[in-house]
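Text of target.cif, listed as mmCIF, C-alpha atoms and all ligand atoms:
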data_structure
#
loop_
_atom_site.label_atom_id
_atom_site.label_comp_id
_atom_site.auth_asym_id
_atom_site.auth_seq_id
_atom_site.Cartn_x
_atom_site.Cartn_y
_atom_site.Cartn_z
CA MET A 8 0.00 0.00 0.00
CA PRO A 9 1.44 3.44 -0.84
CA VAL A 10 2.61 5.53 2.05
CA SER A 11 0.12 8.18 3.06
CA ASP A 12 1.03 11.78 2.14
CA THR A 13 -0.90 12.89 5.16
CA ALA A 14 0.98 10.76 7.67
CA PRO A 15 1.42 12.80 10.83
CA GLU A 16 4.33 15.12 10.33
CA ARG A 17 4.80 16.37 13.86
CA ALA A 18 7.38 14.10 15.36
CA SER A 19 8.31 13.91 18.99
CA GLU A 20 11.67 12.41 19.92
CA PRO A 21 11.60 8.61 19.91
CA ASP A 22 11.26 7.79 23.56
CA ASP A 23 9.71 5.13 25.75
CA ASP A 24 6.24 6.50 25.28
CA ALA A 25 6.11 7.06 21.53
CA LEU A 26 5.39 4.98 18.45
CA PRO A 27 6.55 5.34 14.84
CA ILE A 28 3.29 5.97 12.98
CA ASN A 29 2.90 5.37 9.25
CA GLU A 30 -0.76 6.37 9.05
CA LEU A 31 -3.80 7.04 11.27
CA PHE A 32 -7.26 7.04 9.73
CA ALA A 33 -10.89 6.02 10.12
CA SER A 34 -12.37 3.39 7.81
CA LEU A 35 -14.34 0.15 7.92
CA GLN A 36 -12.59 -2.92 9.28
CA GLY A 37 -11.88 -4.81 6.07
CA GLU A 38 -11.01 -8.27 7.36
CA GLY A 39 -11.96 -10.87 9.87
CA LYS A 40 -14.78 -11.40 12.35
CA LEU A 41 -15.39 -7.64 12.67
CA ALA A 42 -15.35 -6.88 8.92
CA GLY A 43 -17.56 -3.89 8.22
CA VAL A 44 -17.27 -2.29 11.66
CA PRO A 45 -16.30 1.41 11.61
CA SER A 46 -12.83 1.57 13.12
CA THR A 47 -9.92 3.92 13.60
CA PHE A 48 -6.67 2.44 12.35
CA VAL A 49 -3.28 3.20 13.84
CA ARG A 50 -0.53 1.78 11.67
CA THR A 51 2.90 1.52 13.25
CA SER A 52 6.04 1.34 11.14
CA GLY A 53 8.65 -1.43 11.36
CA CYS A 54 8.36 -5.20 11.18
CA ASN A 55 10.44 -8.19 12.23
CA LEU A 56 9.31 -10.14 9.13
CA ARG A 57 9.39 -9.45 5.38
CA CYS A 58 6.45 -11.18 3.68
CA TRP A 59 7.00 -10.89 -0.07
CA TYR A 60 3.33 -9.96 -0.54
CA CYS A 61 3.14 -7.39 2.27
CA ASP A 62 0.47 -4.83 1.40
CA SER A 63 2.11 -2.35 3.78
CA TYR A 64 5.50 -2.08 2.06
CA HIS A 65 6.22 1.25 3.73
CA THR A 66 6.09 -0.32 7.18
CA SER A 67 8.21 -3.37 6.42
CA TRP A 68 10.50 -3.34 3.36
CA GLU A 69 10.97 0.42 3.41
CA PRO A 70 9.65 1.66 6.75
CA THR A 71 8.58 5.29 6.96
CA GLY A 72 6.68 7.16 9.65
CA ALA A 73 6.82 9.88 12.22
CA TRP A 74 7.21 9.38 15.96
CA MET A 75 4.09 10.29 17.91
CA ALA A 76 3.66 10.33 21.66
CA VAL A 77 1.14 7.79 22.94
CA GLY A 78 -0.91 10.59 24.50
CA GLU A 79 -1.18 12.35 21.16
CA ILE A 80 -2.20 9.15 19.36
CA ARG A 81 -4.84 8.58 22.03
CA GLU A 82 -6.23 12.09 21.43
CA GLN A 83 -6.24 11.63 17.66
CA VAL A 84 -8.09 8.33 18.05
CA ALA A 85 -10.60 9.80 20.52
CA SER A 86 -11.33 12.71 18.14
CA ARG A 87 -12.60 10.35 15.44
CA ASP A 88 -16.08 8.81 15.41
CA PRO A 89 -15.44 5.04 15.59
CA ASP A 90 -15.44 3.33 18.95
CA HIS A 91 -13.21 0.51 17.70
CA LEU A 92 -9.44 0.85 17.49
CA VAL A 93 -7.43 -1.35 15.14
CA LEU A 94 -3.74 -1.28 15.96
CA THR A 95 -1.82 -2.60 12.99
CA GLY A 96 1.43 -2.16 11.15
CA GLY A 97 4.06 -3.25 10.32
CA GLU A 98 4.19 -5.40 13.41
CA PRO A 99 2.73 -3.33 16.25
CA LEU A 100 3.78 -5.67 19.05
CA ILE A 101 7.52 -5.20 18.46
CA HIS A 102 7.08 -1.76 20.07
CA ASP A 103 6.80 -1.69 23.86
CA ALA A 104 4.72 1.49 23.69
CA ALA A 105 1.98 -0.45 21.85
CA VAL A 106 0.99 -1.78 25.28
CA ASP A 107 0.70 1.76 26.65
CA LEU A 108 -1.54 2.79 23.77
CA LEU A 109 -3.79 -0.26 24.15
CA ASP A 110 -4.09 0.37 27.87
CA ALA A 111 -4.74 4.11 27.37
CA VAL A 112 -7.67 4.04 24.92
CA GLU A 113 -11.20 3.53 26.18
CA MET A 114 -12.75 1.51 23.38
CA HIS A 115 -12.74 -1.92 21.81
CA THR A 116 -9.23 -2.82 20.64
CA THR A 117 -8.21 -5.18 17.88
CA VAL A 118 -4.51 -5.86 17.36
CA GLU A 119 -3.42 -7.13 13.96
CA THR A 120 -0.30 -9.17 14.67
CA ASN A 121 1.88 -11.80 13.04
CA GLY A 122 1.92 -13.63 16.38
CA THR A 123 5.68 -13.69 16.91
CA ARG A 124 5.60 -11.69 20.16
CA TYR A 125 3.39 -12.01 23.23
CA VAL A 126 2.47 -8.92 25.23
CA ASP A 127 0.27 -8.46 28.27
CA ALA A 128 -2.09 -5.63 27.28
CA ASP A 129 -5.70 -4.49 27.07
CA ILE A 130 -6.53 -6.39 23.86
CA ASP A 131 -10.18 -7.26 23.09
CA LEU A 132 -9.45 -9.18 19.88
CA ALA A 133 -6.06 -10.59 18.96
CA SER A 134 -6.23 -10.84 15.18
CA ILE A 135 -3.36 -13.22 14.63
CA SER A 136 -2.04 -13.89 11.14
CA PRO A 137 0.72 -16.48 11.44
CA LYS A 138 3.03 -16.38 8.48
CA LEU A 139 3.28 -19.54 6.40
CA ALA A 140 5.97 -20.71 4.00
CA ASN A 141 3.99 -19.04 1.21
CA SER A 142 5.05 -15.66 2.68
CA THR A 143 8.83 -16.23 2.45
CA PRO A 144 10.62 -13.61 0.33
CA THR A 145 12.67 -15.94 -1.86
CA PRO A 146 15.04 -14.10 -4.23
CA GLU A 147 12.60 -14.62 -7.12
CA ARG A 148 9.71 -12.88 -5.39
CA ALA A 149 11.25 -10.48 -2.85
CA PRO A 150 10.10 -6.96 -3.71
CA ALA A 151 13.47 -5.54 -2.61
CA GLY A 152 16.97 -6.75 -1.80
CA ASP A 153 18.73 -9.87 -3.06
CA GLY A 154 16.98 -12.52 -1.00
CA GLU A 155 18.92 -11.79 2.18
CA TRP A 156 15.66 -11.74 4.19
CA ALA A 157 14.52 -15.25 3.28
CA ASP A 158 16.36 -17.17 6.02
CA ARG A 159 15.73 -14.60 8.74
CA HIS A 160 12.04 -14.50 7.82
CA ASP A 161 11.77 -18.30 7.92
CA GLU A 162 13.51 -18.56 11.29
CA ARG A 163 11.24 -15.95 12.85
CA ARG A 164 7.83 -16.42 11.27
CA ILE A 165 6.39 -19.06 13.64
CA ASP A 166 6.86 -18.82 17.40
CA HIS A 167 4.73 -21.53 18.99
CA ASP A 168 5.15 -20.18 22.48
CA ALA A 169 4.05 -16.65 21.54
CA LEU A 170 1.07 -17.98 19.53
CA THR A 171 -0.03 -20.23 22.39
CA ARG A 172 0.15 -17.43 24.94
CA LEU A 173 -1.80 -15.01 22.74
CA ILE A 174 -4.52 -17.64 22.22
CA ASP A 175 -4.53 -18.52 25.94
CA ASP A 176 -5.01 -14.94 27.05
CA TYR A 177 -7.20 -13.18 24.47
CA GLU A 178 -10.27 -13.49 22.33
CA PHE A 179 -8.63 -14.33 19.03
CA GLN A 180 -8.95 -15.16 15.38
CA LEU A 181 -6.35 -16.91 13.24
CA LYS A 182 -6.16 -15.45 9.72
CA PHE A 183 -4.19 -17.32 7.09
CA VAL A 184 -3.28 -15.76 3.74
CA VAL A 185 -3.86 -18.20 0.89
CA ALA A 186 -3.71 -18.05 -2.90
CA ASP A 187 -3.85 -21.78 -3.65
CA GLU A 188 -4.02 -25.14 -1.87
CA SER A 189 -0.28 -25.38 -1.10
CA PRO A 190 -0.37 -23.95 2.47
CA MET A 191 -3.26 -26.16 3.68
CA GLY A 192 -1.02 -28.90 5.06
CA GLU A 193 1.01 -26.36 7.02
CA ILE A 194 -2.18 -24.74 8.35
CA GLU A 195 -3.55 -28.12 9.50
CA SER A 196 -0.34 -29.11 11.24
CA LEU A 197 0.09 -25.71 12.92
CA LEU A 198 -3.51 -25.90 14.19
CA ALA A 199 -2.92 -29.41 15.52
CA ASP A 200 0.16 -28.17 17.42
CA LEU A 201 -1.68 -25.15 18.81
CA ARG A 202 -4.71 -27.20 19.82
CA ALA A 203 -2.34 -29.44 21.78
CA SER A 204 -0.53 -26.55 23.48
CA THR A 205 -3.35 -24.15 24.41
CA SER A 206 -5.83 -24.59 27.22
CA ARG A 207 -8.47 -22.84 25.08
CA GLU A 208 -10.66 -24.32 22.39
CA ILE A 209 -9.72 -23.30 18.85
CA ARG A 210 -12.96 -23.65 16.91
CA ASP A 211 -12.93 -24.01 13.15
CA THR A 212 -14.88 -20.73 13.08
CA ASP A 213 -11.89 -19.02 14.74
CA VAL A 214 -9.84 -19.95 11.68
CA LEU A 215 -10.21 -17.65 8.68
CA LEU A 216 -8.80 -18.07 5.20
CA MET A 217 -8.03 -14.73 3.57
CA PRO A 218 -7.24 -14.41 -0.12
CA GLU A 219 -3.80 -13.06 -0.93
CA GLY A 220 -4.10 -9.79 -2.80
CA ALA A 221 -3.28 -6.16 -2.21
CA THR A 222 -5.19 -5.10 -5.33
CA ARG A 223 -8.62 -5.91 -6.80
CA GLU A 224 -6.91 -7.45 -9.81
CA ARG A 225 -4.98 -9.89 -7.65
CA LEU A 226 -8.01 -10.68 -5.47
CA ASP A 227 -9.93 -11.53 -8.64
CA GLU A 228 -7.37 -14.33 -9.08
CA THR A 229 -7.37 -15.65 -5.50
CA ARG A 230 -10.71 -15.12 -3.74
CA ALA A 231 -12.62 -18.01 -5.34
CA THR A 232 -9.87 -20.45 -4.37
CA ALA A 233 -9.71 -19.14 -0.80
CA ALA A 234 -13.51 -19.46 -0.51
CA ARG A 235 -13.50 -22.98 -1.95
CA LEU A 236 -10.77 -24.07 0.48
CA ALA A 237 -12.69 -22.58 3.42
CA GLU A 238 -15.75 -24.62 2.46
CA GLU A 239 -13.74 -27.76 1.89
CA TYR A 240 -11.85 -27.60 5.19
CA GLY A 241 -14.72 -26.19 7.28
CA TYR A 242 -12.96 -22.90 8.10
CA ARG A 243 -14.29 -19.40 7.64
CA TYR A 244 -13.62 -17.20 4.62
CA THR A 245 -12.85 -13.55 5.14
CA PRO A 246 -13.09 -11.01 2.37
CA ARG A 247 -10.80 -8.00 2.19
CA ILE A 248 -13.56 -5.46 1.77
CA HIS A 249 -11.25 -2.43 1.87
CA VAL A 250 -9.43 -3.75 -1.20
CA ASP A 251 -12.74 -4.49 -2.97
CA LEU A 252 -14.02 -0.98 -2.16
CA TRP A 253 -10.92 1.19 -2.38
CA ASN A 254 -8.26 -0.99 -4.02
CA ASP A 255 -4.81 -0.13 -2.61
CA ALA A 256 -5.58 3.47 -1.59
CA PRO A 257 -3.72 4.80 1.46
CA GLU A 258 -5.70 5.61 4.61
CA ARG A 259 -8.33 3.03 3.69
C1 LIG B 301 -0.09 -5.59 6.96
S1 LIG B 301 -0.43 -6.78 8.18
C2 LIG B 301 0.01 -5.93 9.68
C3 LIG B 301 -0.13 -6.75 10.94
C4 LIG B 301 0.85 -7.89 11.13
N1 LIG B 301 2.17 -7.56 10.73
C5 LIG B 301 0.37 -9.13 10.39
O1 LIG B 301 0.99 -9.50 9.41
O2 LIG B 301 -0.63 -9.70 10.84
C6 LIG B 301 -2.23 -6.79 8.31
C7 LIG B 301 -2.93 -7.96 7.68
O3 LIG B 301 -2.74 -7.90 6.28
C8 LIG B 301 -2.47 -9.19 5.81
N2 LIG B 301 -1.83 -9.05 4.51
C9 LIG B 301 -0.72 -8.36 4.21
N3 LIG B 301 -0.46 -8.39 2.90
C10 LIG B 301 -1.46 -9.10 2.34
C11 LIG B 301 -1.77 -9.49 1.01
N4 LIG B 301 -1.00 -9.15 -0.02
N5 LIG B 301 -2.90 -10.22 0.81
C12 LIG B 301 -3.70 -10.59 1.85
N6 LIG B 301 -3.44 -10.25 3.13
C13 LIG B 301 -2.34 -9.51 3.37
C14 LIG B 301 -1.65 -9.81 6.91
O4 LIG B 301 -1.59 -11.22 6.82
C15 LIG B 301 -2.41 -9.33 8.12
O5 LIG B 301 -3.52 -10.16 8.36
N1 LIG B 302 -10.03 -1.05 6.03
C1 LIG B 302 -8.96 -1.72 6.44
N2 LIG B 302 -9.12 -2.82 7.21
C2 LIG B 302 -8.00 -3.44 7.63
N3 LIG B 302 -7.93 -4.52 8.44
C3 LIG B 302 -6.64 -4.80 8.67
C4 LIG B 302 -5.86 -3.89 7.99
C5 LIG B 302 -4.39 -3.88 8.10
O1 LIG B 302 -3.70 -3.35 7.23
O2 LIG B 302 -3.91 -4.41 9.10
C6 LIG B 302 -6.71 -3.03 7.30
C7 LIG B 302 -6.56 -1.89 6.44
O3 LIG B 302 -5.48 -1.48 6.04
N4 LIG B 302 -7.73 -1.29 6.06
S1 LIG B 303 4.29 -9.59 9.11
FE1 LIG B 303 2.64 -8.20 8.47
S2 LIG B 303 3.61 -6.16 8.27
FE2 LIG B 303 5.25 -7.67 8.46
S3 LIG B 303 5.85 -8.05 6.36
FE3 LIG B 303 4.30 -9.63 6.90
S4 LIG B 303 2.29 -8.76 6.33
FE4 LIG B 303 3.80 -7.08 6.29
MG MG B 304 -3.96 -3.46 5.23
#
Could you quickly redo this structure as structure tokens?
Amino acid sequence: MPVSDTAPERASEPDDDALPINELFASLQGEGKLAGVPSTFVRTSGCNLRCWYCDSYHTSWEPTGAWMAVGEIREQVASRDPDHLVLTGGEPLIHDAAVDLLDAVEMHTTVETNGTRYVDADIDLASISPKLANSTPTPERAPAGDGEWADRHDERRIDHDALTRLIDDYEFQLKFVVADESPMGEIESLLADLRASTSREIRDTDVLLMPEGATRERLDETRATAARLAEEYGYRYTPRIHVDLWNDAPER
């Protein structure tokens, strides 16, 4: 997704109580169990992974943003209409101040996370999107660099302990990005491992297949397959309604 030209420009010094913000906007939640719910999005910059298909290139491959104090983010969020906050990125949970923001706002909070780091915070819905082998930026498909991220990405992308703790402690959904049948075996085996390690029930309706696609054109190629696989395996399908409605526009 292109970087917003209206990303906050006032930067405070990076300190313990600030976050690097790529964009902050109100829209409709596009994905998952709360798709369609008016929400204010806070998108942090910086990620510990490098999915080749990342739709937020300017938070991962080429991170840009301005530091904002948590108090100022809280005010910006409170000044908008929605009573749902979606904290996303980049990977929001790599920043310690994400916990302060989640604890500071007085509304429903969803965190979009790759599930590689556990935090203890005021999270109402942990929207966990574990990264499968189909995300690895091999030299042929990395959008930048010479493939130097592939090994690091593969070593980091699944952390069973962090996933188990997130599922143990929060309402959750598990969202898997699919374009074809190839990741289904990995999804089934990861779910079997997590069902063995968590004390909570992971229902099939907590598992969502999401078509890979940052543009309408790409979704046209993937959504029917994702929907068919959801039916076949008994999982849920989630659209990406923001892409259907607004394609890859920033602040949407
Ligand atoms: C940009 S990520 C930010 C949060 C976190 N880093 C993560 O990956 O969950 C937000 C959501 O977009 C999904 N996503 C990113 N690029 C995508 C693409 N090209 N097609 C479908 N989903 C994508 C991720 O899997 C995740 O569910
Ligand atoms: N409308 C809208 N819904 C979203 N749900 C998750 C998003 C994300 O980028 O994390 C996202 C996004 O970027 N836009
Ligand atoms: S983990 Fe999320 S933000 Fe990071 S590269 Fe993958 S999709 Fe992008
Ligand atoms: Mg997005």
Write out as a tab-separated table the residues of chain A that have any atom within 10 Å of an atom of ligand MG 304 (chain B), one row each with the nearest atom pair and its distance in Å to one decimal, counting only C-alpha atoms and all ligand atoms, sorted by chain and then rising number.
residue	atom	partner	partner_atom	distance
A:Met8	CA	B:MG304	MG	7.4
A:Gln36	CA	B:MG304	MG	9.5
A:Gly37	CA	B:MG304	MG	8.1
A:Glu38	CA	B:MG304	MG	8.8
A:Phe48	CA	B:MG304	MG	9.6
A:Arg50	CA	B:MG304	MG	9.0
A:Cys61	CA	B:MG304	MG	8.6
A:Asp62	CA	B:MG304	MG	6.0
A:Ser63	CA	B:MG304	MG	6.3
A:Thr95	CA	B:MG304	MG	8.1
A:Gly96	CA	B:MG304	MG	8.1
A:Gly97	CA	B:MG304	MG	9.5
A:Glu119	CA	B:MG304	MG	9.5
A:Ala221	CA	B:MG304	MG	7.9
A:Arg247	CA	B:MG304	MG	8.8
A:His249	CA	B:MG304	MG	8.1
A:Val250	CA	B:MG304	MG	8.4
A:Asp255	CA	B:MG304	MG	8.6
A:Ala256	CA	B:MG304	MG	9.9
A:Pro257	CA	B:MG304	MG	9.1
A:Glu258	CA	B:MG304	MG	9.3
A:Arg259	CA	B:MG304	MG	8.0
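Closest approach to Glu30 of chain A among A:Val214, A:Ala203, A:Ala140, A:Ile80: A:Ile80, based on all atoms listed in the file.
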Build an axis-aligned box that encloses every atom of ligand LIG 303 (chain B) listed in the file, pad it by 5 Å on each side, and report its centre and edge lengths in Å to one decimal, as AutoDock Vina command-line options.
--center_x 4.1 --center_y -7.9 --center_z 7.7 --size_x 13.6 --size_y 13.5 --size_z 12.8
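Remark: for ligand LIG 303 (chain B), the closest of the candidate residues A:Asp129, A:Glu98, A:Asp23, A:Glu79 is A:Glu98 (distances computed over all atoms listed in the file).
The interatomic distance for the pair atom CA of Leu94 of chain A and atom CA of Leu109 of chain A works out to 8.3 Å.
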Would you list the residues near (-11.7, -8.2, -5.8) (no more than 7 Å away, in the coordinates of the file, using all atoms listed in the file) as an MDAnalysis selection string?
-> chainID A and resid 223:224 226:227 250:251
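Proximity of A:Asp211, A:Glu155, A:Asp107, A:Asp127 to Tyr242 of chain A, computed with all atoms listed in the file, is greatest for A:Asp211.
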Name the residues within 9 Å of (1.2, -19.9, 18.2), counting all atoms listed in the file in the file's coordinates, and put them as a VMD selection string.
-> chain A and resid 122 to 123 135 137 165 to 174 197 to 198 200 to 201 204 to 205
Do a neighbour search on Arg148 of chain A at 12 Å with all atoms listed in the file, toss out local chain neighbours closer than 5 positions, and write the hits as an NGL selection string.
-> :A and (57-61 or 141-143 or 153-157)
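If you measure from each of A:Val112, A:Asp161, A:His102, A:Lys40 to Glu178 of chain A using all atoms listed in the file, the closest one turns out to be A:Lys40.
Going from atom CA of Trp253 of chain A over to atom CA of Glu238 of chain A, you cover 26.7 Å.
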Thr232 of chain A environment, 7 Å, all atoms listed in the file, sequence neighbours closer than 4 positions dropped, as a list in words = Ala186, Asp187 and Leu236 of chain A
Rounded to one decimal in Å, what is the spacing between atom CA of Gly72 of chain A and atom CA of Cys54 of chain A?
-> 12.6 Å
Of A:Glu219, A:Asp103, A:Glu162, A:Glu147, the one sitting nearest ligand LIG 301 (chain B) when using all atoms listed in the file is A:Glu219
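Nearest residue to ligand LIG 301 (chain B), choosing from A:Pro27, A:Pro218, A:Pro190, A:Pro70 and counting all atoms listed in the file: A:Pro218.
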Excluding Asn55 of chain A and any residue of its chain fewer than 3 positions from it, enumerate the residues within 8 Å of it, using all atoms listed in the file, and give them as a PyMOL selection string.
-> chain A and resi 67+98+101+160+163
Output file for the residues above (C-alpha atoms, as a short mmCIF file (atom, residue, chain, number, x, y, z; two decimals), in the frame of the given file):
data_model
loop_
_atom_site.label_atom_id
_atom_site.label_comp_id
_atom_site.auth_asym_id
_atom_site.auth_seq_id
_atom_site.Cartn_x
_atom_site.Cartn_y
_atom_site.Cartn_z
CA SER A 67 8.21 -3.37 6.42
CA GLU A 98 4.19 -5.40 13.41
CA ILE A 101 7.52 -5.20 18.46
CA HIS A 160 12.04 -14.50 7.82
CA ARG A 163 11.24 -15.95 12.85
#
Near-Leu215 of chain A list (10 Å; only C-alpha atoms; drop same-chain fewer than 6 positions) as a PyMOL selection string | chain A and resi 38-40+136+180-184+233-234+237+241-246
Env of Ala25 of chain A: 12 Å cut, atoms = only C-alpha atoms, seq-sep filter 2 positions within chain, self excluded. Answer as a short mmCIF file (atom, residue, chain, number, x, y, z; two decimals) with C-alpha atoms, in the frame of the given file.
data_model
loop_
_atom_site.label_atom_id
_atom_site.label_comp_id
_atom_site.auth_asym_id
_atom_site.auth_seq_id
_atom_site.Cartn_x
_atom_site.Cartn_y
_atom_site.Cartn_z
CA ALA A 18 7.38 14.10 15.36
CA SER A 19 8.31 13.91 18.99
CA GLU A 20 11.67 12.41 19.92
CA PRO A 21 11.60 8.61 19.91
CA ASP A 22 11.26 7.79 23.56
CA ASP A 23 9.71 5.13 25.75
CA PRO A 27 6.55 5.34 14.84
CA ILE A 28 3.29 5.97 12.98
CA THR A 51 2.90 1.52 13.25
CA SER A 52 6.04 1.34 11.14
CA GLY A 72 6.68 7.16 9.65
CA ALA A 73 6.82 9.88 12.22
CA TRP A 74 7.21 9.38 15.96
CA MET A 75 4.09 10.29 17.91
CA ALA A 76 3.66 10.33 21.66
CA VAL A 77 1.14 7.79 22.94
CA GLY A 78 -0.91 10.59 24.50
CA GLU A 79 -1.18 12.35 21.16
CA ILE A 80 -2.20 9.15 19.36
CA ARG A 81 -4.84 8.58 22.03
CA HIS A 102 7.08 -1.76 20.07
CA ASP A 103 6.80 -1.69 23.86
CA ALA A 104 4.72 1.49 23.69
CA ALA A 105 1.98 -0.45 21.85
CA VAL A 106 0.99 -1.78 25.28
CA ASP A 107 0.70 1.76 26.65
CA LEU A 108 -1.54 2.79 23.77
#
With all heavy atoms as the goal, would you fill in the gaps in segment 181-189 of chain A and present it as a compact mmCIF listing (two decimals), keeping the file's coordinate frame?
# COMPACT_ATOMS: atom_id res chain seq x y z
N LEU A 181 -7.56 -16.54 13.96
CA LEU A 181 -6.35 -16.91 13.24
C LEU A 181 -6.63 -16.73 11.75
O LEU A 181 -7.49 -17.40 11.20
CB LEU A 181 -5.99 -18.38 13.55
CG LEU A 181 -5.49 -18.62 14.97
CD1 LEU A 181 -5.59 -20.10 15.33
CD2 LEU A 181 -4.05 -18.13 15.13
N LYS A 182 -5.91 -15.79 11.14
CA LYS A 182 -6.16 -15.45 9.72
C LYS A 182 -4.98 -15.93 8.90
O LYS A 182 -3.85 -15.51 9.12
CB LYS A 182 -6.26 -13.93 9.55
CG LYS A 182 -7.62 -13.34 9.78
CD LYS A 182 -7.61 -11.84 9.41
CE LYS A 182 -6.50 -11.10 10.10
NZ LYS A 182 -6.36 -9.70 9.70
N PHE A 183 -5.26 -16.79 7.93
CA PHE A 183 -4.19 -17.32 7.09
C PHE A 183 -4.35 -16.80 5.66
O PHE A 183 -5.44 -16.90 5.08
CB PHE A 183 -4.23 -18.85 7.10
CG PHE A 183 -3.91 -19.45 8.44
CD1 PHE A 183 -4.91 -19.99 9.24
CD2 PHE A 183 -2.60 -19.46 8.91
CE1 PHE A 183 -4.60 -20.54 10.49
CE2 PHE A 183 -2.28 -20.02 10.15
CZ PHE A 183 -3.29 -20.56 10.94
N VAL A 184 -3.27 -16.29 5.11
CA VAL A 184 -3.28 -15.76 3.74
C VAL A 184 -3.02 -16.91 2.77
O VAL A 184 -2.01 -17.61 2.87
CB VAL A 184 -2.17 -14.69 3.58
CG1 VAL A 184 -2.07 -14.22 2.13
CG2 VAL A 184 -2.45 -13.51 4.52
N VAL A 185 -3.98 -17.09 1.86
CA VAL A 185 -3.86 -18.20 0.89
C VAL A 185 -4.15 -17.71 -0.53
O VAL A 185 -4.98 -16.83 -0.74
CB VAL A 185 -4.80 -19.39 1.23
CG1 VAL A 185 -4.51 -19.94 2.62
CG2 VAL A 185 -6.26 -19.00 1.14
N ALA A 186 -3.45 -18.33 -1.48
CA ALA A 186 -3.71 -18.05 -2.90
C ALA A 186 -4.02 -19.35 -3.64
O ALA A 186 -4.60 -19.34 -4.72
CB ALA A 186 -2.50 -17.36 -3.54
N ASP A 187 -3.61 -20.46 -3.05
CA ASP A 187 -3.85 -21.78 -3.65
C ASP A 187 -3.80 -22.81 -2.53
O ASP A 187 -3.68 -22.46 -1.34
CB ASP A 187 -2.79 -22.09 -4.73
CG ASP A 187 -1.38 -21.98 -4.19
OD1 ASP A 187 -1.14 -22.44 -3.04
OD2 ASP A 187 -0.50 -21.44 -4.88
N GLU A 188 -3.90 -24.08 -2.88
CA GLU A 188 -4.02 -25.14 -1.87
C GLU A 188 -2.71 -25.43 -1.12
O GLU A 188 -2.73 -26.05 -0.05
CB GLU A 188 -4.52 -26.43 -2.56
CG GLU A 188 -4.80 -27.56 -1.61
CD GLU A 188 -6.05 -28.37 -1.97
OE1 GLU A 188 -6.51 -28.28 -3.12
OE2 GLU A 188 -6.54 -29.08 -1.08
N SER A 189 -1.58 -24.95 -1.64
CA SER A 189 -0.28 -25.38 -1.10
C SER A 189 -0.10 -25.17 0.41
O SER A 189 0.55 -26.01 1.04
CB SER A 189 0.87 -24.72 -1.88
OG SER A 189 0.79 -23.32 -1.79
